[in-house]
Number of protein chains: 4
Amino acid sequence: MTLLDESASGVFVIAVTPFGEDGALDLDSTDRLVDFYLERGVTGITVLGMMGEAPKLTAEEARVFVRRVLRRLDGRVPVVVGVSSPGLASMRELSAAVMDDGAAGVMVAPPGTVRTDDQIHGYYQGVAEALGPRTPFVLQDYPLSTGVQIAPPVINRIVAEVPGCVMLKHEDWPGLAKISALRAASDRGETRRISILTGNGGLFLPEELGRGADGAMTGFAWPEMMVDVWRAHASDEVERAHDLFDAYLPLARYEQQPGFGLAVRKHLLARRGAIASAALRKPGPRLTPDDIAEIDRLVARQERRLKEIG
Amino acid sequence: MTLLDESASGVFVIAVTPFGEDGALDLDSTDRLVDFYLERGVTGITVLGMMGEAPKLTAEEARVFVRRVLRRLDGRVPVVVGVSSPGLASMRELSAAVMDDGAAGVMVAPPGTVRTDDQIHGYYQGVAEALGPRTPFVLQDYPLSTGVQIAPPVINRIVAEVPGCVMLKHEDWPGLAKISALRAASDRGETRRISILTGNGGLFLPEELGRGADGAMTGFAWPEMMVDVWRAHASDEVERAHDLFDAYLPLARYEQQPGFGLAVRKHLLARRGAIASAALRKPGPRLTPDDIAEIDRLVARQERRLKEIG
Amino acid sequence: MTLLDESASGVFVIAVTPFGEDGALDLDSTDRLVDFYLERGVTGITVLGMMGEAPKLTAEEARVFVRRVLRRLDGRVPVVVGVSSPGLASMRELSAAVMDDGAAGVMVAPPGTVRTDDQIHGYYQGVAEALGPRTPFVLQDYPLSTGVQIAPPVINRIVAEVPGCVMLKHEDWPGLAKISALRAASDRGETRRISILTGNGGLFLPEELGRGADGAMTGFAWPEMMVDVWRAHASDEVERAHDLFDAYLPLARYEQQPGFGLAVRKHLLARRGAIASAALRKPGPRLTPDDIAEIDRLVARQERRLKEIG
Amino acid sequence: MTLLDESASGVFVIAVTPFGEDGALDLDSTDRLVDFYLERGVTGITVLGMMGEAPKLTAEEARVFVRRVLRRLDGRVPVVVGVSSPGLASMRELSAAVMDDGAAGVMVAPPGTVRTDDQIHGYYQGVAEALGPRTPFVLQDYPLSTGVQIAPPVINRIVAEVPGCVMLKHEDWPGLAKISALRAASDRGETRRISILTGNGGLFLPEELGRGADGAMTGFAWPEMMVDVWRAHASDEVERAHDLFDAYLPLARYEQQPGFGLAVRKHLLARRGAIASAALRKPGPRLTPDDIAEIDRLVARQERRLKEIG
């Protein structure tokens, strides 16, 4: 099994967790979803992401789900598993299990209790020790959700001292200056250059790529948007990248509403045939007829606009 | 002087506060800015908004700035003044002063210390008592900034018991369901129907209008976007409203980055001739060449797209 | 097995989790600790409390630890198990397991994401549904740690609608008025009278008992303080209750320092022979010589004072 | 007028703001309160503290109150004025005014929006620039209220680079290790040794003095407790310091309840004749008969205990 390293790029889509109407894990849809993502050109898949429904799974369900994803993928693209946990023992246990099963790496966000620069740095040292030297990990920087502000010098210090940190999932907002600061530091040779994949539903993807990000790690029911924008950007077709991005932006914006957006995403994925049911495990929001009418309009407009730009 | 009431609609633009390069209030630019906003069709102006640079003004500067805006406007559109304050005495003092000077109403966000339903309700009862019966006020609901979650039943209870509350500045995110809930309550005759103007940089304006909002109260360097979307919606040209919105969305999204966005907005307003200098009073972010290149591209694309849709 | 109900009173001590110097669970010390607590007269034991080291255990370790406590106790006093979790499925799973093993009930604190009155109420409805009708539970109200403010009417509403809620772990600060409000409501017959046990290291225990609390559920290396204060209060020896309380207060205050206090508690429990090692599992604070000198002085003074009051 | 410097020690009592029953500033009580504090041996007075009722004053009232305190004191002890403000312009204005009137220095807490080490450091650089080189200031470190965690290296860096920072108001909790870390740094000659006065209602005063604090800056209706503990400690009578402290601790603990405690303090100050009315300006808590009965008991016990220890 190939391990995650600093050269990772492209789109690591954050996978939803499919449930049936009865709330049970839907493993058939898990297969279908993996196929769907692969067909859209993703270069990696991230599961058990913090903002999704991973916390709604039991430990056993989480294991089963990850194994199913890994088996279906059969090594075609790498899998990153979110293992953030209030305790290092649980993190180590889950991490060891999924790495044994074939994951390429894990992802860890800091708990809200670490606040100062030294606390954040110390936390990731503890994480690295808990994970062990053979498990590469992604530092997840998502202040809107964690409440933890990680300054670029702190990230650089972690990268310098913790070899296992090979990727930043960048989800600060505003966050463009942070990408520039990190790339400037590695360009000057002050730190190792790690992979930076960006989040926030891709809402700043063209600019993030321009600042030196290597791609995206986030969710959107049209992952091909992120794939196509990334490819266009990689081919120096920057205006084309923006054209594509702009065509999807109205719907991406709608899907990026905190909490509620996951219901929109699953609705759209079900509509696209990627999963059987749009159900969220309880507690979770439900779409109203007003929501669905708005989504229908946005989808129709998106299809029209995509045809226009060809 | 006309007072704000429940019938307010359209676009109450949140005005920036113009400073010179030396950090002094720029009163000439204040006049120019007022003219600029009027020419773009705004139906009201809101000053001393919480997220802008109002807290950087001294009490005296705030008074001078409000008076200048009021004098230049000369009653052509109503002015709402943000008077949120940790203490009711200061709030009362500023409120009385600006109402004497000709403001149409004031706006109050809750302090982060009120949390439960009863605390929020009690806070606005205290506000109403402090402001007195002749000062209409706007309830500012902006959880991302205040940390205070105000449920629809709490808003309805305040509206029912506090006659001075005539408008909701709606800035919850996600917030569409909240508009629907409030409108359903007033449609059922359970509460007075107040004006709802929406915030968040207008990023959900078409949907918000569809849910029953009366317009927007937010900032964007192209206020004509909000005016035109609102007018198109009012004329039942919903697809046209979306076309306009979509053309501006990439730049609006860029301008809506928390904190940083205000520097973008001032840069754009200076570029459009509405103010002399893009300077923020310290401390404040500064645009880098990378930022400006991104903005230039977005402006050029926006102009092109606006021509395409005619 | 007897289930927890509204008549619970006395001192449910929050048990520490004993580890060896190597960080492994120390099950022999678990037995010793249980004996120690019983000898001091506790009327119940609470394990896997939120603020202790429960999050540092793996799911399997947590199960093993709870079973060991239950086996050693052999039904002599009831055990409450903290099962707070970001997801209801994990909560249900752990809860079902420990109830099968012989726990008397479980304890649930709200996640920081529920904020409004309705959200809190809805959350506990979901909890009750997840736990099922045969698992009594304790509502843990600890705003300093959770960030969730639960007003008395919300607690009353949960008590009225959710039969499984039989106890409040009261840990608001200030919180005396809350006890009075809850007791007034049940005295007026408006709600079921549930058990109220108080937290915060017992630092307000005499006043809390005076307001109608039924005892304490918290930790302190001298649980006999809480037991004796509760007994004296129950015998209407209120001044005696205060004398006892005051003798222990300087050390109790020292042990109640957030985060750090747990290291103090384990140091003192090891010193008293209740556990073999004072070690905290990493990451955790370590006592310095200055800390230990302060503790030594406080212990010596406490012993002297206890002799004086007889 | 003498300016505050690094040699400040003893007890800078945080003064309450006296109001009449009608909510108006009570200037006669202000005089009486100043006399009361002086008679108890305080070595300084701090006004307009963040957690008191300063935010309830208008700008003009704040000026009037500070002037009254300064006039009554007539230079007998130095006055520190809290000038924390969301904006530097207001801070500069108030600071310049009170320094002109004869204050010895000002005190500034960081706004909740600064989070990383660099942001905190940058904020105090901006503060120093705004205050100017002739205004010494106190860095107020109170995470429970501000939400800002300031690590010792950040304080050391501010002290090293900002000459105007002459004192730390230490109010972290737990905070003993922080005092030790700061004193170790200045003992090693790495930083200037500044004055450290501690807060938190004096609840850790004996230990804080043992760690190297120079005294206290906090409120308590018996300021002589802090003065006597400080004097005993300065005379190396450490057990005596603890005896005194322990006698007052039950009431000090009661008065230190967040928010509510201020009503207790004013009740006690009125009872001791230091102010005419215990009234808080609205909104503010009111004592119930239960509260007052608890306080009466604690005061009686305190008097008895003080007699016992002589």
# chains A, B, ... in the order shown; residues from 1 in each chain; ligands from 1
call {"tool": "residues_around", "arguments": {"residues": "Ala213 in chain D", "least_positions_apart": "6", "cutoff": "9 Å", "atoms": "only C-alpha atoms", "output": "list in words"}}
result
Ser9, His170, Ile179, Ser180, Arg183, Ser195, Ile196, Leu197, Thr198, Leu205 and Glu207 of chain D
call {"tool": "write_last_selection", "arguments": {"atoms": "all heavy atoms", "output": "PDB file, in the first residue's frame"}}
result
ATOM      1  N   SER D   9       3.693  47.421  44.481  1.00  0.00           N
ATOM      2  CA  SER D   9       3.407  46.223  45.261  1.00  0.00           C
ATOM      3  C   SER D   9       2.254  46.499  46.211  1.00  0.00           C
ATOM      4  O   SER D   9       1.744  47.624  46.272  1.00  0.00           O
ATOM      5  CB  SER D   9       4.653  45.797  46.042  1.00  0.00           C
ATOM      6  OG  SER D   9       4.920  46.748  47.057  1.00  0.00           O
ATOM      7  N   HIS D 170      -2.471  39.588  36.885  1.00  0.00           N
ATOM      8  CA  HIS D 170      -2.469  38.149  36.665  1.00  0.00           C
ATOM      9  C   HIS D 170      -3.803  37.594  37.119  1.00  0.00           C
ATOM     10  O   HIS D 170      -4.152  37.682  38.303  1.00  0.00           O
ATOM     11  CB  HIS D 170      -1.318  37.558  37.485  1.00  0.00           C
ATOM     12  CG  HIS D 170      -1.374  36.077  37.626  1.00  0.00           C
ATOM     13  ND1 HIS D 170      -2.178  35.446  38.550  1.00  0.00           N
ATOM     14  CD2 HIS D 170      -0.714  35.100  36.971  1.00  0.00           C
ATOM     15  CE1 HIS D 170      -2.004  34.137  38.456  1.00  0.00           C
ATOM     16  NE2 HIS D 170      -1.124  33.909  37.513  1.00  0.00           N
ATOM     17  N   ILE D 179       3.098  32.434  37.151  1.00  0.00           N
ATOM     18  CA  ILE D 179       3.914  33.351  37.966  1.00  0.00           C
ATOM     19  C   ILE D 179       5.342  32.800  38.082  1.00  0.00           C
ATOM     20  O   ILE D 179       6.325  33.525  37.881  1.00  0.00           O
ATOM     21  CB  ILE D 179       3.304  33.539  39.370  1.00  0.00           C
ATOM     22  CG1 ILE D 179       1.901  34.141  39.271  1.00  0.00           C
ATOM     23  CG2 ILE D 179       4.195  34.439  40.231  1.00  0.00           C
ATOM     24  CD1 ILE D 179       1.161  34.228  40.608  1.00  0.00           C
ATOM     25  N   SER D 180       5.446  31.512  38.381  1.00  0.00           N
ATOM     26  CA  SER D 180       6.779  30.905  38.516  1.00  0.00           C
ATOM     27  C   SER D 180       7.574  31.047  37.225  1.00  0.00           C
ATOM     28  O   SER D 180       8.769  31.367  37.241  1.00  0.00           O
ATOM     29  CB  SER D 180       6.648  29.422  38.885  1.00  0.00           C
ATOM     30  OG  SER D 180       6.101  29.295  40.188  1.00  0.00           O
ATOM     31  N   ARG D 183       8.714  34.722  36.781  1.00  0.00           N
ATOM     32  CA  ARG D 183       9.767  35.098  37.724  1.00  0.00           C
ATOM     33  C   ARG D 183      11.080  34.396  37.386  1.00  0.00           C
ATOM     34  O   ARG D 183      12.168  34.971  37.519  1.00  0.00           O
ATOM     35  CB  ARG D 183       9.336  34.767  39.156  1.00  0.00           C
ATOM     36  CG  ARG D 183       8.306  35.737  39.727  1.00  0.00           C
ATOM     37  CD  ARG D 183       8.667  37.183  39.441  1.00  0.00           C
ATOM     38  NE  ARG D 183       7.766  38.121  40.115  1.00  0.00           N
ATOM     39  CZ  ARG D 183       7.494  39.327  39.654  1.00  0.00           C
ATOM     40  NH1 ARG D 183       8.017  39.759  38.499  1.00  0.00           N
ATOM     41  NH2 ARG D 183       6.690  40.126  40.311  1.00  0.00           N
ATOM     42  N   SER D 195       6.119  44.330  37.827  1.00  0.00           N
ATOM     43  CA  SER D 195       5.237  44.049  38.964  1.00  0.00           C
ATOM     44  C   SER D 195       4.171  43.035  38.550  1.00  0.00           C
ATOM     45  O   SER D 195       3.651  43.097  37.439  1.00  0.00           O
ATOM     46  CB  SER D 195       4.573  45.358  39.427  1.00  0.00           C
ATOM     47  OG  SER D 195       3.610  45.093  40.424  1.00  0.00           O
ATOM     48  N   ILE D 196       3.894  42.086  39.432  1.00  0.00           N
ATOM     49  CA  ILE D 196       2.783  41.153  39.190  1.00  0.00           C
ATOM     50  C   ILE D 196       1.811  41.275  40.354  1.00  0.00           C
ATOM     51  O   ILE D 196       2.162  40.975  41.496  1.00  0.00           O
ATOM     52  CB  ILE D 196       3.263  39.693  39.073  1.00  0.00           C
ATOM     53  CG1 ILE D 196       4.246  39.528  37.905  1.00  0.00           C
ATOM     54  CG2 ILE D 196       2.080  38.749  38.908  1.00  0.00           C
ATOM     55  CD1 ILE D 196       4.766  38.092  37.723  1.00  0.00           C
ATOM     56  N   LEU D 197       0.616  41.738  40.051  1.00  0.00           N
ATOM     57  CA  LEU D 197      -0.451  41.755  41.053  1.00  0.00           C
ATOM     58  C   LEU D 197      -1.527  40.776  40.590  1.00  0.00           C
ATOM     59  O   LEU D 197      -1.810  40.683  39.399  1.00  0.00           O
ATOM     60  CB  LEU D 197      -1.032  43.162  41.226  1.00  0.00           C
ATOM     61  CG  LEU D 197      -0.046  44.262  41.655  1.00  0.00           C
ATOM     62  CD1 LEU D 197      -0.797  45.569  41.958  1.00  0.00           C
ATOM     63  CD2 LEU D 197       0.769  43.846  42.878  1.00  0.00           C
ATOM     64  N   THR D 198      -2.103  40.057  41.537  1.00  0.00           N
ATOM     65  CA  THR D 198      -2.980  38.957  41.153  1.00  0.00           C
ATOM     66  C   THR D 198      -4.453  39.273  41.397  1.00  0.00           C
ATOM     67  O   THR D 198      -4.800  40.123  42.224  1.00  0.00           O
ATOM     68  CB  THR D 198      -2.591  37.686  41.921  1.00  0.00           C
ATOM     69  OG1 THR D 198      -2.763  37.912  43.315  1.00  0.00           O
ATOM     70  CG2 THR D 198      -1.148  37.308  41.645  1.00  0.00           C
ATOM     71  N   LEU D 205      -4.212  33.948  46.927  1.00  0.00           N
ATOM     72  CA  LEU D 205      -3.227  34.953  47.301  1.00  0.00           C
ATOM     73  C   LEU D 205      -2.009  34.397  48.053  1.00  0.00           C
ATOM     74  O   LEU D 205      -0.869  34.732  47.684  1.00  0.00           O
ATOM     75  CB  LEU D 205      -3.902  36.078  48.094  1.00  0.00           C
ATOM     76  CG  LEU D 205      -3.027  37.287  48.418  1.00  0.00           C
ATOM     77  CD1 LEU D 205      -2.372  37.856  47.180  1.00  0.00           C
ATOM     78  CD2 LEU D 205      -3.869  38.374  49.091  1.00  0.00           C
ATOM     79  N   GLU D 207      -0.528  31.507  47.995  1.00  0.00           N
ATOM     80  CA  GLU D 207       0.329  30.766  47.067  1.00  0.00           C
ATOM     81  C   GLU D 207       0.927  31.709  46.029  1.00  0.00           C
ATOM     82  O   GLU D 207       2.094  31.564  45.635  1.00  0.00           O
ATOM     83  CB  GLU D 207      -0.466  29.653  46.378  1.00  0.00           C
ATOM     84  CG  GLU D 207      -0.820  28.476  47.287  1.00  0.00           C
ATOM     85  CD  GLU D 207      -2.090  28.683  48.109  1.00  0.00           C
ATOM     86  OE1 GLU D 207      -2.746  29.743  47.926  1.00  0.00           O
ATOM     87  OE2 GLU D 207      -2.423  27.812  48.930  1.00  0.00           O
TER      88      GLU D 207
END
call {"tool": "select_by_dssp", "arguments": {"residues": "range 129-294 of chain D", "states": "strand (DSSP E or B)", "output": "number ranges by chain"}}
result
D: 137-141, 165-170, 195-198, 215-216
call {"tool": "write_last_selection", "arguments": {"atoms": "N, CA and C atoms", "output": "PDB file, in the first residue's frame"}}
result
ATOM      1  N   PHE D 137       1.494  51.116  31.416  1.00  0.00           N
ATOM      2  CA  PHE D 137       0.233  50.356  31.416  1.00  0.00           C
ATOM      3  C   PHE D 137       0.405  48.961  32.026  1.00  0.00           C
ATOM      4  N   VAL D 138      -0.733  48.444  32.441  1.00  0.00           N
ATOM      5  CA  VAL D 138      -0.856  47.122  33.033  1.00  0.00           C
ATOM      6  C   VAL D 138      -1.441  46.175  31.994  1.00  0.00           C
ATOM      7  N   LEU D 139      -0.774  45.065  31.780  1.00  0.00           N
ATOM      8  CA  LEU D 139      -1.308  44.031  30.893  1.00  0.00           C
ATOM      9  C   LEU D 139      -2.266  43.183  31.719  1.00  0.00           C
ATOM     10  N   GLN D 140      -3.542  43.176  31.335  1.00  0.00           N
ATOM     11  CA  GLN D 140      -4.526  42.399  32.091  1.00  0.00           C
ATOM     12  C   GLN D 140      -4.721  41.049  31.421  1.00  0.00           C
ATOM     13  N   ASP D 141      -4.401  40.013  32.145  1.00  0.00           N
ATOM     14  CA  ASP D 141      -4.431  38.647  31.607  1.00  0.00           C
ATOM     15  C   ASP D 141      -5.551  37.884  32.314  1.00  0.00           C
ATOM     16  N   CYS D 165       4.985  48.668  29.389  1.00  0.00           N
ATOM     17  CA  CYS D 165       4.318  47.588  30.139  1.00  0.00           C
ATOM     18  C   CYS D 165       5.075  47.359  31.447  1.00  0.00           C
ATOM     19  N   VAL D 166       4.519  47.844  32.542  1.00  0.00           N
ATOM     20  CA  VAL D 166       5.244  47.787  33.818  1.00  0.00           C
ATOM     21  C   VAL D 166       4.605  46.825  34.822  1.00  0.00           C
ATOM     22  N   MET D 167       3.442  46.333  34.506  1.00  0.00           N
ATOM     23  CA  MET D 167       2.760  45.462  35.475  1.00  0.00           C
ATOM     24  C   MET D 167       1.908  44.429  34.741  1.00  0.00           C
ATOM     25  N   LEU D 168       1.820  43.251  35.353  1.00  0.00           N
ATOM     26  CA  LEU D 168       0.872  42.227  34.904  1.00  0.00           C
ATOM     27  C   LEU D 168      -0.223  42.101  35.939  1.00  0.00           C
ATOM     28  N   LYS D 169      -1.466  42.308  35.505  1.00  0.00           N
ATOM     29  CA  LYS D 169      -2.581  41.888  36.363  1.00  0.00           C
ATOM     30  C   LYS D 169      -2.851  40.450  35.990  1.00  0.00           C
ATOM     31  N   HIS D 170      -2.471  39.588  36.885  1.00  0.00           N
ATOM     32  CA  HIS D 170      -2.469  38.149  36.665  1.00  0.00           C
ATOM     33  C   HIS D 170      -3.803  37.594  37.119  1.00  0.00           C
ATOM     34  N   SER D 195       6.119  44.330  37.827  1.00  0.00           N
ATOM     35  CA  SER D 195       5.237  44.049  38.964  1.00  0.00           C
ATOM     36  C   SER D 195       4.171  43.035  38.550  1.00  0.00           C
ATOM     37  N   ILE D 196       3.894  42.086  39.432  1.00  0.00           N
ATOM     38  CA  ILE D 196       2.783  41.153  39.190  1.00  0.00           C
ATOM     39  C   ILE D 196       1.811  41.275  40.354  1.00  0.00           C
ATOM     40  N   LEU D 197       0.616  41.738  40.051  1.00  0.00           N
ATOM     41  CA  LEU D 197      -0.451  41.755  41.053  1.00  0.00           C
ATOM     42  C   LEU D 197      -1.527  40.776  40.590  1.00  0.00           C
ATOM     43  N   THR D 198      -2.103  40.057  41.537  1.00  0.00           N
ATOM     44  CA  THR D 198      -2.980  38.957  41.153  1.00  0.00           C
ATOM     45  C   THR D 198      -4.453  39.273  41.397  1.00  0.00           C
ATOM     46  N   GLY D 215       1.725  41.264  45.107  1.00  0.00           N
ATOM     47  CA  GLY D 215       0.520  41.666  45.811  1.00  0.00           C
ATOM     48  C   GLY D 215      -0.700  41.320  44.983  1.00  0.00           C
ATOM     49  N   ALA D 216      -1.794  42.013  45.271  1.00  0.00           N
ATOM     50  CA  ALA D 216      -3.062  41.702  44.617  1.00  0.00           C
ATOM     51  C   ALA D 216      -3.662  42.935  43.974  1.00  0.00           C
TER      52      ALA D 216
END
call {"tool": "select_by_dssp", "arguments": {"residues": "range 123-232 of chain A", "states": "alpha helix (DSSP H)", "output": "ChimeraX atom specification"}}
result
/A:123-131,143-146,152-161,176-187,205-211,223-232
call {"tool": "interface_residues", "arguments": {"of": "chain C", "to": "chain D", "cutoff": "8 Å", "atoms": "only C-alpha atoms", "output": "list of chain:residue names"}}
result
C:Trp173, C:Pro174, C:Phe204, C:Glu207, C:Asp246, C:Leu249, C:Pro250, C:Tyr254, C:Gln257, C:Pro258, C:Gly259, C:Phe260, C:Glu294
call {"tool": "write_last_selection", "arguments": {"atoms": "C-alpha atoms", "output": "mmCIF file, in the first residue's frame"}}
result
data_model
loop_
_atom_site.group_PDB
_atom_site.id
_atom_site.type_symbol
_atom_site.label_atom_id
_atom_site.label_comp_id
_atom_site.auth_asym_id
_atom_site.auth_seq_id
_atom_site.Cartn_x
_atom_site.Cartn_y
_atom_site.Cartn_z
ATOM 1 C CA TRP C 173 -21.451 28.814 38.545
ATOM 2 C CA PRO C 174 -22.998 30.834 40.020
ATOM 3 C CA PHE C 204 -20.504 25.627 47.532
ATOM 4 C CA GLU C 207 -25.177 26.596 50.575
ATOM 5 C CA ASP C 246 -14.299 25.438 56.223
ATOM 6 C CA LEU C 249 -11.953 24.536 51.963
ATOM 7 C CA PRO C 250 -8.353 25.767 51.502
ATOM 8 C CA TYR C 254 -6.509 24.267 45.532
ATOM 9 C CA GLN C 257 -8.046 24.436 39.618
ATOM 10 C CA PRO C 258 -9.308 23.534 36.132
ATOM 11 C CA GLY C 259 -7.247 20.835 34.437
ATOM 12 C CA PHE C 260 -4.333 21.066 36.833
ATOM 13 C CA GLU C 294 2.087 24.109 48.661
#
call {"tool": "residues_around", "arguments": {"residues": "Val114 in chain C", "least_positions_apart": "5", "cutoff": "8 Å", "atoms": "only C-alpha atoms", "output": "tab-separated table (two decimals) with N, CA and C atoms, in the first residue's frame"}}
result
chain	number	residue	atom	x	y	z
C	119	GLN	N	-33.12	23.81	21.14
C	119	GLN	CA	-32.07	22.87	20.74
C	119	GLN	C	-31.68	21.98	21.93
C	120	ILE	N	-31.58	22.57	23.10
C	120	ILE	CA	-31.20	21.79	24.28
C	120	ILE	C	-32.28	20.76	24.59
C	123	TYR	N	-32.27	18.07	22.07
C	123	TYR	CA	-31.13	17.17	22.23
C	123	TYR	C	-31.44	16.09	23.27
C	148	VAL	N	-22.63	25.55	27.24
C	148	VAL	CA	-24.09	25.54	27.05
C	148	VAL	C	-24.78	26.02	28.32
call {"tool": "closest_residue", "arguments": {"among": "D:Met51, D:Leu251, D:Ala263, D:Leu268", "to": "Gly284 in chain D", "atoms": "only C-alpha atoms"}}
result
D:Ala263
call {"tool": "residues_around", "arguments": {"residues": "range 153-159 of chain B", "least_positions_apart": "5", "cutoff": "7 Å", "atoms": "only C-alpha atoms", "output": "number ranges by chain"}}
result
B: 117, 121, 165, 191-192
call {"tool": "write_last_selection", "arguments": {"atoms": "all heavy atoms", "output": "PDB file, in the first residue's frame"}}
result
ATOM      1  N   ASP B 117     -32.799  31.767  25.957  1.00  0.00           N
ATOM      2  CA  ASP B 117     -33.935  32.467  25.358  1.00  0.00           C
ATOM      3  C   ASP B 117     -34.391  33.636  26.235  1.00  0.00           C
ATOM      4  O   ASP B 117     -34.610  34.755  25.750  1.00  0.00           O
ATOM      5  CB  ASP B 117     -35.104  31.495  25.168  1.00  0.00           C
ATOM      6  CG  ASP B 117     -34.869  30.525  24.021  1.00  0.00           C
ATOM      7  OD1 ASP B 117     -33.746  30.477  23.474  1.00  0.00           O
ATOM      8  OD2 ASP B 117     -35.831  29.794  23.670  1.00  0.00           O
ATOM      9  N   HIS B 121     -34.370  37.716  25.390  1.00  0.00           N
ATOM     10  CA  HIS B 121     -35.614  38.474  25.470  1.00  0.00           C
ATOM     11  C   HIS B 121     -35.492  39.605  26.498  1.00  0.00           C
ATOM     12  O   HIS B 121     -35.863  40.757  26.240  1.00  0.00           O
ATOM     13  CB  HIS B 121     -36.748  37.509  25.844  1.00  0.00           C
ATOM     14  CG  HIS B 121     -38.034  38.178  26.156  1.00  0.00           C
ATOM     15  ND1 HIS B 121     -38.460  38.359  27.455  1.00  0.00           N
ATOM     16  CD2 HIS B 121     -38.965  38.737  25.365  1.00  0.00           C
ATOM     17  CE1 HIS B 121     -39.620  38.987  27.434  1.00  0.00           C
ATOM     18  NE2 HIS B 121     -39.945  39.223  26.178  1.00  0.00           N
ATOM     19  N   CYS B 165     -39.354  47.391  18.159  1.00  0.00           N
ATOM     20  CA  CYS B 165     -38.595  46.514  17.257  1.00  0.00           C
ATOM     21  C   CYS B 165     -39.329  46.411  15.929  1.00  0.00           C
ATOM     22  O   CYS B 165     -40.333  45.708  15.817  1.00  0.00           O
ATOM     23  CB  CYS B 165     -38.419  45.136  17.899  1.00  0.00           C
ATOM     24  SG  CYS B 165     -37.550  43.980  16.825  1.00  0.00           S
ATOM     25  N   THR B 191     -47.875  37.118  14.958  1.00  0.00           N
ATOM     26  CA  THR B 191     -47.028  38.256  15.330  1.00  0.00           C
ATOM     27  C   THR B 191     -47.194  39.354  14.296  1.00  0.00           C
ATOM     28  O   THR B 191     -47.645  39.111  13.175  1.00  0.00           O
ATOM     29  CB  THR B 191     -45.516  37.900  15.325  1.00  0.00           C
ATOM     30  OG1 THR B 191     -45.193  37.363  14.036  1.00  0.00           O
ATOM     31  CG2 THR B 191     -45.171  36.907  16.406  1.00  0.00           C
ATOM     32  N   ARG B 192     -46.815  40.525  14.718  1.00  0.00           N
ATOM     33  CA  ARG B 192     -46.676  41.648  13.819  1.00  0.00           C
ATOM     34  C   ARG B 192     -45.685  41.274  12.709  1.00  0.00           C
ATOM     35  O   ARG B 192     -44.697  40.604  12.955  1.00  0.00           O
ATOM     36  CB  ARG B 192     -46.105  42.811  14.641  1.00  0.00           C
ATOM     37  CG  ARG B 192     -46.094  44.153  13.996  1.00  0.00           C
ATOM     38  CD  ARG B 192     -45.911  45.237  15.085  1.00  0.00           C
ATOM     39  NE  ARG B 192     -45.016  44.861  16.156  1.00  0.00           N
ATOM     40  CZ  ARG B 192     -43.753  45.299  16.293  1.00  0.00           C
ATOM     41  NH1 ARG B 192     -43.230  46.134  15.417  1.00  0.00           N
ATOM     42  NH2 ARG B 192     -43.022  44.909  17.313  1.00  0.00           N
TER      43      ARG B 192
END
call {"tool": "residues_around", "arguments": {"residues": "Thr46 in chain B", "least_positions_apart": "4", "cutoff": "8 Å", "atoms": "only C-alpha atoms", "output": "ChimeraX atom specification"}}
result
/B:12-15,79-82,217
call {"tool": "atom_distance", "arguments": {"atom1": "CA of Ala109 in chain A", "atom2": "CA of Gly75 in chain A"}}
result
25.3 Å
call {"tool": "residues_around", "arguments": {"residues": "Ala274 in chain B", "least_positions_apart": "5", "cutoff": "7 Å", "atoms": "only C-alpha atoms", "output": "JSON, numbers by chain"}}
result
{"B": [32, 33, 36, 269]}
call {"tool": "write_last_selection", "arguments": {"atoms": "N, CA and C atoms", "output": "compact mmCIF listing (two decimals), in the first residue's frame"}}
result
# COMPACT_ATOMS: atom_id res chain seq x y z
N ARG B 32 -18.98 62.17 -0.74
CA ARG B 32 -18.90 61.48 -2.02
C ARG B 32 -19.51 60.09 -1.95
N LEU B 33 -19.25 59.44 -0.83
CA LEU B 33 -19.75 58.08 -0.63
C LEU B 33 -21.28 58.07 -0.56
N PHE B 36 -22.54 58.46 -3.99
CA PHE B 36 -22.32 57.21 -4.72
C PHE B 36 -23.42 56.20 -4.40
N LEU B 269 -14.13 50.47 -3.57
CA LEU B 269 -14.84 51.75 -3.52
C LEU B 269 -13.91 52.90 -3.93
call {"tool": "closest_residue", "arguments": {"among": "A:Ala278, A:Gly202, A:Glu224, A:Met99", "to": "Thr17 in chain A", "atoms": "only C-alpha atoms"}}
result
A:Ala278
